[in-house]
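Novice: Have a look at the structure that comes next, please.
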Amino acid sequence: METQDKDTLESELELVPADARSRLVGGFKGAPSFIAKGFVRRGRSLASRIGQGVRRFIGFFRSPVRNTGNLVRNARVAIRSGAGRLRRELDALSTIQLIAIIGVFTVFLIAPILSVIIFSFTTTTGAFTLSHMLDLFSDTNIWPFVFNSSTGGFDFRANLNGAAYLAQANILAIWGPDFGAIINSIYVAIIVTAVSVVLGVFFAFIIARYEFFGKRIVRTLLIFPILAIPFVGAIGIKVFLNFDGFINKLLFDTLHILPFRIWLRGLTAIIFVQSFSLFSLVYLNAYSSFMSIDPSLEEQAENLGATGFKLFRSVTLPMAMPGIQAGAILTFILSIEDLGSPIVFQDHQSARNTLAFQVWTNVATQSGQVDPKGPAIGVLLLIFALVGFMAIRKYTSLRSYDSGTKGGQWNPRTRRISKKATILLYAILIPVLFLALIPQISVIMISFAGSWAPDSLFPDVWTLSNYDVLWALPDVANSISITLFYGIVATVIIVLLGSSAAYVIARKDIPGKTALDLLVTSPIALPGIVIATGFFTLFYTTPIFPAGHPAFLIIMSYSVRKFPFTVRAAYAGMMSTPVVLEEASQNLGASKNRTFYKITLPLIGVSVLAGSLLSFVYSVSEVSTSLILGSVGHGEAPMTYWTSRVLDMIGPYGGPASASCLGVVLMSMQWVVITITNKILGARSAAITGI
Amino acid sequence: MVEIRIENLRKTFGDVVATDEVTIVLEEGNLSTLLGPSGCGKTTLLRLIAGFYAPDCGRIFFDDKDVTDTPPHKRNTGMCFQNYALWPHMSVADNVAYGLKLKRVKGLRYTNSAIKRRVDEALALVRMGDLGHRHIHQLSGGQQQRVALARALVIEPGVLLLDEPLSNLDAKLRIEMREEIIRIHKEMSITTVYVTHDQQEALSISDKVAVMDHGYVQQFATPREIYSDPQTVFVADFIGQCTFLDGTVESIGDSIEIQLPDGQRIKGRTTIDGYPFEKGESVKAAIRPEDLNLEATGSSDNEIAGTVTRTIYIGNALEVYFKVGQIAAQSLLEPDLSIKEGDKIFLFAPQSEVMILPVGGVEALRKVPGHPMAMSEPPSTLSHV
């Protein structure tokens, strides 16, 4: 080789010095790795010192008891091989990124949550107490079975009366029985989940297996309900569902189908709003699952004589079950955590008796003072969220086997249905889609409505003047630009850290990978109000959260909470890119970093783009942390906070019409993004839900 | 040119041992094949050589340089992946040029014109000269195979690694590409490691073949030796066809005499130099179908009696299946014989063609002084990593 090289050098002018430009670039590239090497070296020496310590520790213990010795020796082997794997898999750059990811998540996710837990179990002097938790169970707004010291038993204090007929106005008002926040939230979530699963699976199956006119439009429309979860939409729904709302005008006054007006209030209204928004979660996950079933599995079943419903029940549904279950559990969690709908329907007591609302009223006080009750309820929310999240991960990990078969032609099993069946299908689709899209439709309608006579179906006057709110109120105008700023900064952070997190999870073999995976995807389930509460208990009046200036924490909370969308999308992209493409590059002499930039990123680029767009829209439409953090610094509060303020304000720029205009701005942004993302992700669209 | 020396290599995945106690030397300029059924550890061994896996223990040397801890991109190997792994976002020429753009010779890089010339040469070598501008999805399977080969060769690697390169091609193309690989290997005389499960492919192109099973190299030798002197029952069975007769050793002399369960005695030779046979040891006598004849070639020939169970006429020969006691056996006889089911037949096998093999597989080879397996420590438990 040596002499050959020399010959090459002399005989041909093929080789030139790597030129100045590339050397300069190399220098720049080298700098971070130089800095990082220090970290890595220190990390390694730390690891080896830990290893030594463990070894010495073992030396002490091994001789007395042989079994423990063996046990510890195995642990030592594990640690040593773990450290070895770390050294081999991580180069300088990924080490820095990994440290940054873990750092950000520790400070802005784990620490606040721990602080909430500690706060709810300590007195003002710092001693351990259960009294905050126990207090919850003596509050009839939260728990119906109250201990009665005179009788020694439990009194059941619930408002079982769930509906009333107002005879003079011919209105049937339904709000649902009120058992206190804990039971209310659970039963609302159960009903919402059941409705969502039925609707979601039905639509997913239709879209995944049938070909019909207008399918592409329906496919996109079905994702819209998930957007504006469900705060802005609830404004519109409220106006629509009122006793003098659009539905009643249509069905009672105009079409005379109903014998009386129906007025959905309180919990019933929440169930209605959440069901028709969250079913998209189940739809997206079920759709992805149906699409990833190897067609030959169904063909085999057909070949053995299973058709129609038998085929669906025995093969298709079981194969799709992990995805459906994951979607269902996510629906359950998000229903319990939803803060937007209870706020919109808070005019009825039963809506105030929900877990999320109770946290909010006890934390988001103007003074910044936190009532211990808030964090205590937050802990309850957290328990639901964590249990649910672990269940989701169990099901989604099951999902990984469904694309395991290889070979053969992958012809998707879609069938074109007849004209008659198409008409029948639309007869079901249109009403459901209408109900599901009420939030969007109504918000748009209200935003353009001028005067609206009580008995007319549509507004008397269409106007653009409602949109004046966007610039007439300086705070609102400011909040729009500030929200975009928050969203962009958060998205940049998410992309920088998220794509490398996905890379580590998908491609590297390091110890603790599963834990990292859990950590960066958990924000999808962790309640935003609990995190925001933690920001108060932990950071309030410290330099990163000075009184009245929540901007920095808002950005960080967006970054952490919307992180899973980018990670999941990038991960999905990585999974569909064979690892040999990267190995081929390494084999030809490209380092791991170069391979990442030259091969991996171009191949998964669109997936990362889709994920970052999702993270962005979810950031700008984020509700729970925005409301809580915004309440202490109006000047830096984001758009969603001002939407809720505008809704409550009285005056020329207050009320539903103006709030709807802000909603429309948000929604148009979301529609554009979601349409693009859906197109990019295709069958992998479950990533839109973050799981 | 590079000589690859592998010493006592072992790789496990969890509790599964993928490859173990591999000690072989792949000589420079040779084309060596790793041959075995699926799951035998041959691809694992190849990826260990490429550096995509780190071994649990053992070393790998390229010439005298220990590359065990060298990352894949610094090993200067050119690898062809089973599914080619061509980057779909680059053209054919870009795929091939990729490695050259990264290559540094004593800190110097190739000029653009040099890269272009070498890419053209490499594509011409695999007869893809005029397709450089194409996109990957515009190529057929065979063409993709050629591009992958060109991409691996263009960087002038010290070692060429081929992972079942022909398995995705149709039968005709496979033979064509096989010739192509032999031609290119002759032209470049580059140390090549070739993974395959096709024994015919292995025998026809290799300088040396490593037959693998259950993670162990059962035998590493030339194709001729592999066929004529198999070291284990597995090798005799996997390469070509064989009838195995169980027996116990009766006497050991110039030849080894064994007794079959039905009382017949046959004599044969050992294929393992230095293996210490013992009296009473269970062994298998392996006989190739074409070595069983109807007439004796000499007085010392073994005579084997059996009952015909089935005959198949295959044109140039007659396949006769028969039973020796309970053991199924097979022979290849003259095509125009009139043998039929139920007939008693007497066949003759020269002593030199009856191979007496110990039953222990690779474990038995540990008893052979000087054999690599005898040198290495047998694994006790997995925890001695």
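Please note that chains go A, B, ... in the order of the structure tokens, that every chain numbers its residues from 1, and that ligands are numbered from 1 in the order shown.
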Do a neighbour search on segment 649-659 of chain A at 7 Å with only C-alpha atoms, toss out local chain neighbours closer than 2 positions, and write the hits as a list in words.
Specialist: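 That gives Ile235, Ile446, Ser447, Asn466, Tyr467, Val469, Thr643, Arg645, Val646, Leu647, Cys661, Leu662 and Gly663 of chain A.
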Novice: Wanna dump the chain A-chain B contacts at 7 Å for me, each residue with its shortest atom pair and the distance in Å to one decimal, counting only C-alpha atoms, ordered by chain and number, as JSON lines?
Specialist:
{"residue": "A:Glu14", "atom": "CA", "partner": "B:Ala114", "partner_atom": "CA", "distance": 5.1}
{"residue": "A:Leu15", "atom": "CA", "partner": "B:Tyr110", "partner_atom": "CA", "distance": 4.5}
{"residue": "A:Val16", "atom": "CA", "partner": "B:Leu108", "partner_atom": "CA", "distance": 5.3}
{"residue": "A:Pro17", "atom": "CA", "partner": "B:Leu108", "partner_atom": "CA", "distance": 4.5}
{"residue": "A:Ala18", "atom": "CA", "partner": "B:Arg109", "partner_atom": "CA", "distance": 5.4}
{"residue": "A:Val580", "atom": "CA", "partner": "B:Ala85", "partner_atom": "CA", "distance": 5.6}
{"residue": "A:Leu581", "atom": "CA", "partner": "B:Ala85", "partner_atom": "CA", "distance": 4.8}
{"residue": "A:Ala584", "atom": "CA", "partner": "B:Ala85", "partner_atom": "CA", "distance": 6.6}
{"residue": "A:Gln586", "atom": "CA", "partner": "B:His73", "partner_atom": "CA", "distance": 4.6}
{"residue": "A:Asn587", "atom": "CA", "partner": "B:His73", "partner_atom": "CA", "distance": 5.0}
{"residue": "A:Leu588", "atom": "CA", "partner": "B:Gly99", "partner_atom": "CA", "distance": 4.8}
{"residue": "A:Gly589", "atom": "CA", "partner": "B:His73", "partner_atom": "CA", "distance": 3.9}
{"residue": "A:Ala590", "atom": "CA", "partner": "B:His73", "partner_atom": "CA", "distance": 5.6}
{"residue": "A:Ser591", "atom": "CA", "partner": "B:His73", "partner_atom": "CA", "distance": 5.9}
Novice: Residues at most 9 Å from Gly280 of chain B, counting only C-alpha atoms, excluding those fewer than 6 positions away in the same chain, as a list in words?
Specialist: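 Everything that qualifies: Thr248, Val249, Glu250, Ser251 and Ile258 of chain B.
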Novice: Selected residues, N, CA and C atoms, written as a compact mmCIF listing (two decimals), in the first residue's frame, please.
Specialist:
# COMPACT_ATOMS: atom_id res chain seq x y z
N THR B 248 -19.55 -48.57 15.82
CA THR B 248 -18.58 -48.42 16.90
C THR B 248 -17.25 -48.94 16.40
N VAL B 249 -16.17 -48.30 16.90
CA VAL B 249 -14.83 -48.65 16.43
C VAL B 249 -14.47 -50.04 16.93
N GLU B 250 -14.02 -50.92 16.00
CA GLU B 250 -13.61 -52.27 16.36
C GLU B 250 -12.11 -52.37 16.50
N SER B 251 -11.40 -51.92 15.45
CA SER B 251 -9.95 -51.97 15.52
C SER B 251 -9.37 -50.79 14.76
N ILE B 258 -15.05 -50.63 11.70
CA ILE B 258 -16.18 -50.37 12.60
C ILE B 258 -17.26 -51.41 12.40
Novice: Of the candidates A:Leu496, A:Ile324, A:Ile247, A:Ala173, which one gets nearest to Tyr395 of chain A if we count only C-alpha atoms?
Specialist: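 Using only C-alpha atoms, Tyr395 of chain A sits closest to A:Ile324.
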Novice: In Å, how far is it from atom CA of Leu292 of chain B to atom CA of Val320 of chain B?
Specialist: 10.3 Å
Novice: Near Ala490 of chain A, counting only C-alpha atoms, which residues have an atom at most 8 Å away, once you skip same-chain residues fewer than 2 positions from it, shown as a PyMOL selection string?
Specialist: chain A and resi 486-488+492-494+555-556+558-559+616+619
Novice: Name all residues at most 12 Å from Asp371 of chain A (count only C-alpha atoms; drop same-chain ones fewer than 6 positions away) and give them as a compact mmCIF listing (two decimals) with N, CA and C atoms, in the first residue's frame.
Specialist:
# COMPACT_ATOMS: atom_id res chain seq x y z
N VAL A 116 -44.02 19.61 42.68
CA VAL A 116 -45.46 19.57 42.94
C VAL A 116 -45.78 18.47 43.95
N PHE A 119 -44.50 19.55 47.31
CA PHE A 119 -45.33 20.65 47.80
C PHE A 119 -46.63 20.13 48.40
N SER A 120 -47.21 19.13 47.76
CA SER A 120 -48.51 18.66 48.24
C SER A 120 -48.39 17.72 49.43
N THR A 123 -45.91 20.75 54.83
CA THR A 123 -46.54 21.93 55.39
C THR A 123 -45.69 23.14 55.01
N THR A 124 -46.13 24.34 55.40
CA THR A 124 -45.38 25.55 55.06
C THR A 124 -44.00 25.53 55.72
N HIS A 132 -52.94 17.88 53.16
CA HIS A 132 -53.42 18.46 51.90
C HIS A 132 -54.19 17.41 51.10
N GLN A 358 -60.14 22.34 38.85
CA GLN A 358 -59.81 22.56 40.26
C GLN A 358 -58.34 22.94 40.44
N VAL A 359 -57.46 22.29 39.70
CA VAL A 359 -56.04 22.67 39.77
C VAL A 359 -55.91 24.13 39.35
N TRP A 360 -56.55 24.46 38.25
CA TRP A 360 -56.40 25.79 37.67
C TRP A 360 -56.86 26.87 38.64
N THR A 361 -58.07 26.71 39.20
CA THR A 361 -58.56 27.78 40.09
C THR A 361 -57.69 27.93 41.32
N ASN A 362 -57.05 26.85 41.75
CA ASN A 362 -56.25 26.96 42.95
C ASN A 362 -54.81 27.38 42.70
N VAL A 363 -54.40 27.37 41.44
CA VAL A 363 -53.01 27.75 41.15
C VAL A 363 -52.92 29.10 40.46
N ALA A 364 -53.76 29.28 39.43
CA ALA A 364 -53.63 30.49 38.62
C ALA A 364 -54.31 31.67 39.30
N THR A 365 -53.76 32.07 40.40
CA THR A 365 -54.28 33.25 41.06
C THR A 365 -53.42 34.43 40.65
N ILE A 377 -54.33 18.15 43.99
CA ILE A 377 -55.15 17.58 42.91
C ILE A 377 -54.26 17.23 41.73
N GLY A 378 -53.25 18.08 41.53
CA GLY A 378 -52.29 17.81 40.46
C GLY A 378 -51.67 16.43 40.60
N THR A 533 -47.82 24.19 37.36
CA THR A 533 -47.89 24.36 38.81
C THR A 533 -46.50 24.19 39.41
N PHE A 536 -44.44 27.17 39.23
CA PHE A 536 -44.74 28.12 40.29
C PHE A 536 -44.08 27.72 41.60
N THR A 537 -44.29 26.46 42.00
CA THR A 537 -43.78 26.06 43.30
C THR A 537 -42.26 26.06 43.31
Novice: Applying 10 Å and only C-alpha atoms, which residues near Pro276 of chain B remain after dropping the ones on its own chain fewer than 6 positions away? List them as a list of chain:residue names.
Specialist: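 These residues fall inside the cut-off: B:Ile252, B:Pro358, B:Ala364, B:Leu365, B:Lys367, B:Val368, B:Pro369.
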Novice: For each of B:Gln199, B:Thr270, B:Thr307, B:Thr44, take the minimum atom-to-atom distance to Phe322 of chain B, counting only C-alpha atoms, then give the residue where this is smallest.
Specialist: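 The closest residue to Phe322 of chain B is B:Thr307.
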Novice: Write out as a ChimeraX atom specification all residues of segment 211-313 of chain B that backbone DSSP assigns to alpha helix (DSSP H).
Specialist: /B:223-228,233-238
